[in-house]
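Dropping work_14.csv in here (CSV, C-alpha atoms):
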chain,number,residue,atom,x,y,z
A,232,LEU,CA,28.4,-10.7,-35.6
A,233,ARG,CA,31.0,-13.3,-35.0
A,234,LYS,CA,32.2,-15.1,-31.9
A,235,ASN,CA,35.0,-17.5,-31.5
A,236,VAL,CA,35.2,-19.5,-28.4
A,237,GLU,CA,37.3,-21.9,-26.4
A,238,ASP,CA,35.8,-23.6,-23.5
A,239,PHE,CA,36.1,-26.3,-20.9
A,240,THR,CA,34.4,-27.3,-17.6
A,241,GLY,CA,35.9,-27.8,-14.2
A,242,PRO,CA,34.5,-29.9,-11.4
A,243,ARG,CA,33.2,-27.8,-8.6
A,244,GLU,CA,31.3,-29.4,-5.7
A,245,ARG,CA,28.1,-30.6,-7.3
A,246,SER,CA,27.7,-28.2,-10.2
A,247,ASP,CA,29.5,-27.9,-13.4
A,248,LEU,CA,31.4,-24.7,-13.9
A,249,GLY,CA,32.1,-23.6,-17.4
A,250,PHE,CA,35.0,-21.5,-18.7
A,251,VAL,CA,34.6,-19.7,-21.9
A,252,THR,CA,36.8,-17.2,-23.7
A,253,PHE,CA,35.4,-15.4,-26.7
A,254,ASP,CA,35.9,-12.7,-29.3
A,255,ILE,CA,33.1,-10.4,-30.3
A,256,THR,CA,32.8,-8.5,-33.5
A,257,ALA,CA,29.6,-6.6,-33.7
A,258,ASP,CA,28.0,-3.5,-35.1
A,259,ILE,CA,24.9,-2.5,-33.2
A,260,LEU,CA,22.3,-1.1,-35.6
A,261,ASN,CA,18.7,-0.3,-35.4
A,262,GLY,CA,17.0,-2.3,-38.1
A,263,LYS,CA,13.5,-1.2,-37.4
A,264,ASN,CA,12.5,0.4,-40.6
A,265,GLY,CA,14.2,-2.0,-43.0
A,266,LEU,CA,17.3,0.0,-43.5
A,267,PRO,CA,20.0,-0.2,-40.8
A,268,THR,CA,20.4,3.1,-39.0
A,269,SER,CA,22.4,4.2,-36.0
A,270,ILE,CA,21.0,2.7,-32.8
A,271,PHE,CA,21.7,5.9,-30.9
A,272,ASP,CA,18.8,8.1,-31.9
A,273,TRP,CA,17.5,11.1,-30.0
A,274,ASN,CA,15.7,9.0,-27.4
A,275,VAL,CA,18.4,6.4,-26.6
A,276,LYS,CA,20.3,7.1,-23.4
A,277,GLN,CA,22.4,4.0,-23.3
A,278,LEU,CA,22.5,0.3,-24.3
A,279,PHE,CA,23.0,-2.5,-21.8
A,280,LEU,CA,24.8,-5.2,-23.8
A,281,TYR,CA,25.0,-8.8,-22.5
A,282,LEU,CA,26.3,-12.1,-23.8
A,283,SER,CA,24.2,-14.9,-22.6
A,284,ALA,CA,24.6,-18.7,-22.9
A,285,GLU,CA,21.5,-20.7,-23.5
A,286,TYR,CA,21.2,-24.5,-23.2
A,287,SER,CA,19.2,-27.4,-22.1
A,288,THR,CA,20.1,-30.0,-19.6
A,289,LYS,CA,18.6,-33.1,-18.0
A,290,ASN,CA,17.8,-31.1,-14.9
A,291,ASN,CA,16.3,-28.1,-16.6
A,292,ALA,CA,14.6,-27.6,-19.9
A,293,LEU,CA,15.9,-24.1,-20.3
A,294,ASN,CA,19.0,-22.4,-18.8
A,295,GLN,CA,20.2,-18.9,-19.5
A,296,VAL,CA,23.4,-17.5,-18.0
A,297,VAL,CA,24.7,-14.0,-18.6
A,298,LEU,CA,28.5,-14.4,-19.1
A,299,TRP,CA,29.4,-10.8,-19.8
A,300,ASP,CA,27.9,-7.4,-20.0
A,301,LYS,CA,28.8,-3.9,-21.0
A,302,ILE,CA,27.2,-0.5,-20.8
A,303,MET,CA,27.4,1.5,-24.0
A,304,LEU,CA,26.6,5.1,-23.5
A,305,ARG,CA,25.2,7.4,-26.2
A,306,GLY,CA,28.2,8.8,-28.0
A,307,ASP,CA,30.2,5.6,-27.6
A,308,ASN,CA,31.2,3.7,-30.7
A,309,PRO,CA,28.5,1.2,-31.6
A,310,ARG,CA,31.1,-1.2,-33.0
A,311,LEU,CA,32.6,-3.8,-30.8
A,312,PHE,CA,35.9,-5.5,-31.5
A,313,LEU,CA,36.8,-7.5,-28.5
A,314,LYS,CA,39.3,-10.4,-28.4
A,315,ASP,CA,40.1,-13.1,-25.8
A,316,MET,CA,37.5,-11.9,-23.4
A,317,LYS,CA,36.9,-14.0,-20.3
A,318,SER,CA,33.4,-14.3,-18.9
A,319,LYS,CA,32.7,-11.7,-16.2
A,320,TYR,CA,30.5,-14.0,-14.1
A,321,PHE,CA,30.9,-17.6,-13.0
A,322,PHE,CA,29.2,-19.9,-15.5
A,323,PHE,CA,27.7,-22.4,-13.0
A,324,ASP,CA,25.2,-24.9,-14.1
A,325,ASP,CA,22.4,-26.0,-11.8
A,326,GLY,CA,23.7,-29.6,-11.8
A,327,ASN,CA,26.1,-31.3,-14.2
A,328,GLY,CA,24.6,-30.3,-17.5
A,329,LEU,CA,27.6,-28.6,-19.1
A,330,LYS,CA,29.8,-31.7,-19.4
A,331,GLY,CA,29.4,-33.1,-22.9
A,332,ASN,CA,26.7,-30.5,-23.8
A,333,ARG,CA,27.0,-30.0,-27.5
A,334,ASN,CA,24.3,-27.3,-27.8
A,335,VAL,CA,25.2,-24.3,-25.7
A,336,THR,CA,24.3,-21.2,-27.7
A,337,LEU,CA,25.9,-17.8,-27.1
A,338,THR,CA,23.9,-14.8,-28.1
A,339,LEU,CA,24.5,-11.1,-27.8
A,340,SER,CA,21.5,-9.1,-26.8
A,341,TRP,CA,20.9,-5.6,-25.5
A,342,ASN,CA,18.5,-3.5,-23.5
A,343,VAL,CA,17.7,-0.1,-25.0
A,344,VAL,CA,17.4,2.4,-22.3
A,345,PRO,CA,15.6,5.5,-23.6
A,346,ASN,CA,15.6,9.0,-22.1
A,347,ALA,CA,11.9,8.3,-21.5
A,348,GLY,CA,9.6,5.6,-22.7
A,349,ILE,CA,9.6,1.9,-23.5
A,350,LEU,CA,12.5,-0.4,-22.5
A,351,PRO,CA,12.9,-2.9,-25.3
A,352,LEU,CA,15.1,-6.0,-25.2
A,353,VAL,CA,16.7,-6.8,-28.6
A,354,THR,CA,18.5,-9.9,-29.6
A,355,GLY,CA,21.3,-9.5,-32.0
A,356,SER,CA,21.4,-11.6,-35.2
A,357,GLY,CA,24.0,-14.2,-35.3
A,358,HIS,CA,24.7,-16.6,-32.6
A,359,VAL,CA,27.4,-19.2,-32.0
A,360,SER,CA,27.0,-22.8,-30.7
A,361,VAL,CA,29.6,-23.9,-28.2
A,362,PRO,CA,30.1,-27.6,-27.6
A,363,PHE,CA,31.5,-28.4,-24.2
A,364,PRO,CA,33.9,-31.3,-24.0
A,365,ASP,CA,33.0,-34.7,-22.4
A,366,THR,CA,35.5,-34.6,-19.7
A,367,TYR,CA,36.4,-32.2,-16.9
A,368,GLU,CA,39.5,-30.1,-17.2
A,369,THR,CA,41.8,-30.2,-14.3
A,370,THR,CA,45.0,-28.9,-15.7
A,371,LYS,CA,44.1,-25.7,-17.5
A,372,SER,CA,44.0,-22.5,-15.5
A,373,TYR,CA,41.7,-19.6,-16.3
B,150,ALA,CA,-28.1,39.0,2.7
B,151,GLY,CA,-25.9,42.0,2.9
B,152,SER,CA,-23.0,42.6,0.6
B,153,SER,CA,-19.4,42.5,2.0
B,154,PRO,CA,-17.3,45.6,1.9
B,155,PRO,CA,-15.1,46.1,-1.2
B,156,PRO,CA,-11.5,44.8,-0.8
B,157,ALA,CA,-9.1,47.5,0.4
B,158,ARG,CA,-6.6,48.8,-2.1
B,159,CYS,CA,-3.5,47.4,-0.5
B,160,GLY,CA,-1.6,45.4,-3.0
B,161,PRO,CA,-2.1,42.5,-5.4
B,162,PHE,CA,-2.1,39.7,-2.8
B,163,LEU,CA,-4.3,41.1,-0.2
B,164,GLY,CA,-7.1,41.7,-2.7
B,165,PRO,CA,-7.7,38.1,-3.8
B,166,ALA,CA,-7.1,36.9,-0.3
B,167,MET,CA,-9.9,39.1,1.0
B,168,ASP,CA,-12.0,37.8,-1.8
B,169,LEU,CA,-11.3,34.2,-0.7
B,170,PHE,CA,-12.4,34.8,2.9
B,171,GLY,CA,-15.4,36.7,1.6
B,172,ASP,CA,-16.3,33.6,-0.5
B,173,LEU,CA,-15.9,31.3,2.5
B,174,ARG,CA,-18.3,33.4,4.6
B,175,ARG,CA,-20.8,33.5,1.8
B,176,MET,CA,-20.8,29.8,1.1
B,177,ASN,CA,-23.7,28.1,2.6
B,178,LYS,CA,-24.0,24.5,3.8
B,179,ARG,CA,-25.3,23.2,0.5
B,180,GLN,CA,-22.4,24.6,-1.5
B,181,LEU,CA,-19.9,23.1,1.0
B,182,TYR,CA,-21.4,19.7,0.7
B,183,TYR,CA,-21.3,20.0,-3.1
B,184,GLN,CA,-17.6,20.8,-2.9
B,185,VAL,CA,-16.9,17.9,-0.6
B,186,LEU,CA,-18.7,15.6,-2.9
B,187,ASN,CA,-16.7,16.9,-5.8
B,188,PHE,CA,-13.5,16.2,-3.9
B,189,ALA,CA,-14.7,12.7,-3.0
B,190,MET,CA,-15.4,12.0,-6.7
B,191,ILE,CA,-11.9,13.1,-7.7
B,192,VAL,CA,-10.4,10.8,-5.1
B,193,SER,CA,-12.6,7.9,-6.1
B,194,SER,CA,-11.8,8.3,-9.8
B,195,ALA,CA,-8.1,8.3,-9.0
B,196,LEU,CA,-8.5,5.1,-7.0
B,197,MET,CA,-10.4,3.5,-9.8
B,198,ILE,CA,-7.7,4.4,-12.3
B,199,TRP,CA,-5.1,2.8,-10.0
B,200,LYS,CA,-7.1,-0.3,-9.5
B,201,GLY,CA,-7.8,-0.5,-13.2
B,202,LEU,CA,-4.0,-0.3,-13.9
B,203,ILE,CA,-3.5,-3.2,-11.4
B,204,VAL,CA,-6.0,-5.3,-13.4
B,205,ILE,CA,-4.6,-4.4,-16.8
B,206,THR,CA,-1.0,-4.9,-16.0
B,207,GLY,CA,-1.4,-7.9,-13.7
B,208,SER,CA,1.0,-6.3,-11.3
B,209,GLU,CA,0.1,-5.4,-7.7
B,210,SER,CA,2.2,-2.2,-8.1
B,211,PRO,CA,2.2,-1.2,-11.7
B,212,ILE,CA,4.1,2.1,-11.1
B,213,VAL,CA,7.1,2.1,-8.9
B,214,VAL,CA,9.8,4.7,-8.0
B,215,VAL,CA,13.5,3.7,-8.1
B,216,LEU,CA,14.8,4.1,-4.6
B,217,SER,CA,18.5,3.3,-5.0
B,218,GLY,CA,21.4,3.9,-7.4
B,219,SER,CA,22.0,0.2,-8.0
B,220,MET,CA,20.8,0.3,-11.6
B,221,GLU,CA,22.8,3.4,-12.6
B,222,PRO,CA,23.4,4.8,-15.2
B,223,ALA,CA,20.2,3.4,-16.6
B,224,PHE,CA,17.9,4.4,-13.7
B,225,HIS,CA,18.5,6.9,-11.0
B,226,ARG,CA,16.8,7.5,-7.7
B,227,GLY,CA,13.6,9.2,-8.4
B,228,ASP,CA,12.9,7.7,-11.8
B,229,LEU,CA,9.5,6.2,-12.4
B,230,LEU,CA,9.1,2.6,-13.8
B,231,PHE,CA,6.0,1.1,-15.5
B,232,LEU,CA,5.6,-2.6,-14.9
B,233,THR,CA,3.6,-5.5,-16.3
B,234,ASN,CA,3.3,-8.9,-14.7
B,235,PHE,CA,1.5,-11.1,-17.3
B,236,HIS,CA,1.4,-14.7,-16.1
B,237,ASP,CA,2.4,-16.1,-19.5
B,238,ASP,CA,5.3,-13.8,-19.9
B,239,PRO,CA,8.4,-15.9,-19.4
B,240,ILE,CA,11.3,-14.6,-17.3
B,241,ARG,CA,14.4,-14.4,-19.4
B,242,ALA,CA,18.0,-13.3,-18.8
B,243,GLY,CA,18.6,-9.6,-19.4
B,244,GLU,CA,15.1,-8.5,-18.3
B,245,ILE,CA,14.7,-5.9,-15.6
B,246,VAL,CA,12.4,-7.2,-12.9
B,247,VAL,CA,11.0,-5.7,-9.7
B,248,PHE,CA,10.9,-8.2,-6.9
B,249,LYS,CA,10.2,-8.3,-3.2
B,250,VAL,CA,12.3,-10.5,-0.9
B,251,GLU,CA,10.1,-12.6,1.3
B,252,GLY,CA,9.3,-10.8,4.5
B,253,ARG,CA,10.4,-7.4,3.3
B,254,ASP,CA,8.3,-4.6,2.0
B,255,ILE,CA,10.6,-2.8,-0.2
B,256,PRO,CA,10.6,-3.7,-3.9
B,257,ILE,CA,14.0,-4.0,-5.6
B,258,VAL,CA,14.6,-3.2,-9.3
B,259,HIS,CA,17.5,-5.3,-10.8
B,260,ARG,CA,18.3,-7.3,-13.8
B,261,VAL,CA,17.9,-11.1,-14.3
B,262,ILE,CA,21.3,-12.7,-15.0
B,263,LYS,CA,20.7,-16.4,-14.6
B,264,ILE,CA,17.6,-18.6,-15.1
B,265,HIS,CA,17.1,-22.3,-14.8
B,266,GLU,CA,13.6,-23.4,-16.0
B,267,LYS,CA,12.2,-26.8,-15.7
B,268,GLU,CA,9.9,-28.4,-18.3
B,269,ASN,CA,6.8,-27.7,-16.3
B,270,GLY,CA,7.5,-24.0,-16.3
B,271,ASN,CA,9.0,-23.9,-12.8
B,272,ILE,CA,11.7,-21.3,-12.9
B,273,LYS,CA,14.4,-20.1,-10.5
B,274,PHE,CA,16.5,-17.1,-11.3
B,275,LEU,CA,19.2,-14.8,-10.0
B,276,THR,CA,19.4,-11.0,-10.2
B,277,LYS,CA,22.0,-8.4,-10.0
B,278,GLY,CA,22.0,-4.6,-10.1
B,279,ASP,CA,23.9,-3.2,-13.0
B,280,ASN,CA,25.8,-0.9,-10.7
B,281,ASN,CA,26.6,-3.6,-8.2
B,282,GLU,CA,29.8,-5.7,-8.2
B,283,VAL,CA,28.1,-8.9,-7.0
B,284,ASP,CA,24.8,-10.6,-7.5
B,285,ASP,CA,21.8,-10.2,-5.2
B,286,ARG,CA,22.3,-13.4,-3.1
B,287,GLY,CA,23.3,-11.2,-0.2
B,288,LEU,CA,19.9,-9.5,-0.4
B,289,TYR,CA,17.8,-12.6,-0.5
B,290,LYS,CA,16.5,-14.3,2.6
B,291,GLU,CA,18.9,-16.3,4.8
B,292,GLY,CA,19.6,-19.6,2.9
B,293,GLN,CA,17.7,-18.4,-0.2
B,294,ASN,CA,19.8,-18.7,-3.4
B,295,TRP,CA,17.2,-18.1,-6.1
B,296,LEU,CA,14.1,-16.1,-6.7
B,297,GLU,CA,10.9,-17.5,-8.0
B,298,LYS,CA,8.0,-16.2,-10.0
B,299,LYS,CA,6.0,-15.5,-6.9
B,300,ASP,CA,8.6,-13.0,-5.8
B,301,VAL,CA,8.2,-10.9,-8.9
B,302,VAL,CA,6.1,-7.7,-8.7
B,303,GLY,CA,6.5,-7.0,-12.4
B,304,ARG,CA,8.8,-6.5,-15.3
B,305,ALA,CA,9.9,-3.0,-16.2
B,306,ARG,CA,8.5,-2.1,-19.6
B,307,GLY,CA,8.8,1.7,-19.7
B,308,PHE,CA,10.3,4.5,-17.7
B,309,LEU,CA,10.1,8.2,-17.0
B,310,PRO,CA,13.0,10.1,-15.5
B,311,TYR,CA,12.8,12.3,-12.3
B,312,VAL,CA,9.0,12.1,-12.0
B,313,GLY,CA,9.1,9.9,-9.0
B,314,MET,CA,11.2,12.3,-6.9
B,315,VAL,CA,8.0,13.8,-5.5
B,316,THR,CA,7.3,10.5,-3.8
B,317,ILE,CA,10.8,10.3,-2.3
B,318,ILE,CA,10.6,13.9,-1.1
B,319,MET,CA,7.2,13.3,0.5
B,320,ASN,CA,8.6,10.2,2.2
B,321,ASP,CA,11.7,11.9,3.6
B,322,TYR,CA,10.0,15.1,4.6
B,323,PRO,CA,6.5,14.3,5.9
B,324,LYS,CA,5.9,18.0,6.6
B,325,PHE,CA,6.1,18.6,2.8
B,326,LYS,CA,3.5,15.9,2.3
B,327,TYR,CA,1.0,17.4,4.7
B,328,ALA,CA,1.6,20.9,3.3
B,329,LEU,CA,1.0,19.6,-0.2
B,330,LEU,CA,-2.2,17.8,0.9
B,331,ALA,CA,-3.4,20.9,2.7
B,332,VAL,CA,-2.9,23.1,-0.4
B,333,MET,CA,-4.6,20.5,-2.6
B,334,GLY,CA,-7.5,20.2,-0.2
B,335,ALA,CA,-7.9,23.9,0.1
B,336,TYR,CA,-7.9,24.4,-3.7
B,337,VAL,CA,-10.5,21.7,-4.3
B,338,LEU,CA,-12.8,22.8,-1.5
B,339,LEU,CA,-12.6,26.5,-2.3
B,340,LYS,CA,-12.6,26.4,-6.1
B,341,ARG,CA,-15.7,27.8,-7.5
B,342,GLU,CA,-17.2,26.4,-10.7
B,343,SER,CA,-18.3,29.4,-12.7
Any chance you could put this one into structure tokens?
Amino acid sequence: LRKNVEDFTGPRERSDLGFVTFDITADILNGKNGLPTSIFDWNVKQLFLYLSAEYSTKNNALNQVVLWDKIMLRGDNPRLFLKDMKSKYFFFDDGNGLKGNRNVTLTLSWNVVPNAGILPLVTGSGHVSVPFPDTYETTKSY
Amino acid sequence: AGSSPPPARCGPFLGPAMDLFGDLRRMNKRQLYYQVLNFAMIVSSALMIWKGLIVITGSESPIVVVLSGSMEPAFHRGDLLFLTNFHDDPIRAGEIVVFKVEGRDIPIVHRVIKIHEKENGNIKFLTKGDNNEVDDRGLYKEGQNWLEKKDVVGRARGFLPYVGMVTIIMNDYPKFKYALLAVMGAYVLLKRES
């Protein structure tokens, strides 16, 4: 699982707004019994994939923001090869905690939706740390 | 006591129906009270199981029916969701929560897309239906931008498709509900334990 990112923050009223572009290379597998098998077994209807950013700020000990999501139906290719993706949702912080934040971690996770039964949430292995620059960006456009 | 006349030979339905009415006439008061008590026991047991579930799961409503299509294609109208609401379970992005907006009765099933949690555990979070374009801020109370732990009815842990349709039909067609109750009542009261 690899992600390459480019990011910057823009000043918006009172809260920082982060802009992130990323690539995702992933192969979603079910590693339950030791050996990796296809995630789409007989009881998996779909996967809800989401890329979330997790970080700490002065204001809040823990922040998690979903930047992007995708629904993968049974029968779709479990391999992802996405490049230059922009976040689907606005990456607002609750305050000004993105500027200069060196420890923003991006993780890919997914919700397994069965045909019937338990709804597990799985975090993918491999995550990427994204440091945000110390200054606001006023010239770049997104 | 006299014996009732044998059922007339007029078809497969009329026979058992005549038997039923014959039974009704023959039942004396004691048997009727017994049947009523039996019925009451069934109702009480069902209530106890429901209350037990509320205690075990920590949720005021451990089983809910999905009412809208805002979480499609994962959940459709009529699907049944099983919830838990353990106090120590942290709310994290990506989880499916059932919450109630202050002042409204109807629980909403959507996904958590943003959380901001303080060191003392105070958390505020934002939700959005998978099938909706925008987040739920428009659904919250006037001026409310975030949800808090107290708004949560529970987290979806498991689900069964279609089973909840019965509840929706009973809500939309009350006559169906009364008919169903009447049939169930008649069955329990008239069933004979051999």
- May I ask you to extract the residues of chain A within 7 Å of chain B, using only C-alpha atoms, and to give them as a ChimeraX atom specification? /A:291-297,344,347-350
- Which neighbours of Phe312 (chain A) fall inside 9 Å, counting all atoms listed in the file, when residues of the same chain fewer than 3 positions from it are skipped, and could you give them as a PyMOL selection string? chain A and resi 254-258
Can you write out the residues you just picked, keeping C-alpha atoms, as a PDB file, in the frame of the given file?
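The result, stored in selection-v1.pdb:
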ATOM      1  CA  ASP A 254      35.900 -12.700 -29.300  1.00  0.00           C
ATOM      2  CA  ILE A 255      33.100 -10.400 -30.300  1.00  0.00           C
ATOM      3  CA  THR A 256      32.800  -8.500 -33.500  1.00  0.00           C
ATOM      4  CA  ALA A 257      29.600  -6.600 -33.700  1.00  0.00           C
ATOM      5  CA  ASP A 258      28.000  -3.500 -35.100  1.00  0.00           C
TER       6      ASP A 258
END
- If we count all atoms listed in the file, what is near Thr336 (chain A) at a cut-off of 10 Å, once residues fewer than 2 positions away on the same chain are taken out, given as a PyMOL selection string? chain A and resi 283-287+295+333-334+338+358-362
Would you mind exporting the chosen residues as a tab-separated table (two decimals), in the frame of the given file, restricted to C-alpha atoms?
chain	number	residue	atom	x	y	z
A	283	SER	CA	24.20	-14.90	-22.60
A	284	ALA	CA	24.60	-18.70	-22.90
A	285	GLU	CA	21.50	-20.70	-23.50
A	286	TYR	CA	21.20	-24.50	-23.20
A	287	SER	CA	19.20	-27.40	-22.10
A	295	GLN	CA	20.20	-18.90	-19.50
A	333	ARG	CA	27.00	-30.00	-27.50
A	334	ASN	CA	24.30	-27.30	-27.80
A	338	THR	CA	23.90	-14.80	-28.10
A	358	HIS	CA	24.70	-16.60	-32.60
A	359	VAL	CA	27.40	-19.20	-32.00
A	360	SER	CA	27.00	-22.80	-30.70
A	361	VAL	CA	29.60	-23.90	-28.20
A	362	PRO	CA	30.10	-27.60	-27.60
- Please indicate the distance in Å from CA of Leu339 (chain A) to CA of Asp285 (chain B), rounded to one decimal place.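 Taking CA of Leu339 (chain A) as the start and CA of Asp285 (chain B) as the end point, the length is 22.8 Å.
When all atoms listed in the file are used to compute distances to Ile198 (chain B), the closest of the residues B:Asp321, B:Gly287, B:Val247, B:Pro211 turns out to be B:Pro211.
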- Message: Just the number, please: distance in Å from CA of Met314 (chain B) to CA of Ser210 (chain B), one decimal.
- Response: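 CA of Ser210 (chain B) lies at a distance of 17.1 Å from CA of Met314 (chain B).
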- Skipping near chain neighbours, those fewer than 3 positions away, what residues fall within 8 Å of region 183-186 of chain B using only C-alpha atoms, listed as a list in words? Arg179, Gln180, Ala189, Met190, Val337, Leu338 and Leu339 of chain B
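Non-sequential neighbours of Asn346 (chain A) (distance at most 6 Å, separation of 2 or more positions within a chain, all atoms listed in the file) are Asn274, Val275 and Lys276 of chain A.
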Take the residues from that selection and write them out as a PDB file, in the coordinates of the input, keeping C-alpha atoms.
ATOM      1  CA  ASN A 274      15.700   9.000 -27.400  1.00  0.00           C
ATOM      2  CA  VAL A 275      18.400   6.400 -26.600  1.00  0.00           C
ATOM      3  CA  LYS A 276      20.300   7.100 -23.400  1.00  0.00           C
TER       4      LYS A 276
END
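Between CA of Leu181 (chain B) and CA of Lys324 (chain B) lies a distance of 26.9 Å.
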- Spatial neighbours of Arg305 (chain A), max dist 9 Å, all atoms listed in the file, sep filter under 3 positions, as a ChimeraX atom specification: /A:271-272,275-278,308-309
- Item | B:Lys200, B:Gly252, B:Val192, B:Leu216 ranked by distance to Glu291 (chain B), top pick (using only C-alpha atoms) |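 With only C-alpha atoms as the atom set, the closest residue is B:Gly252.
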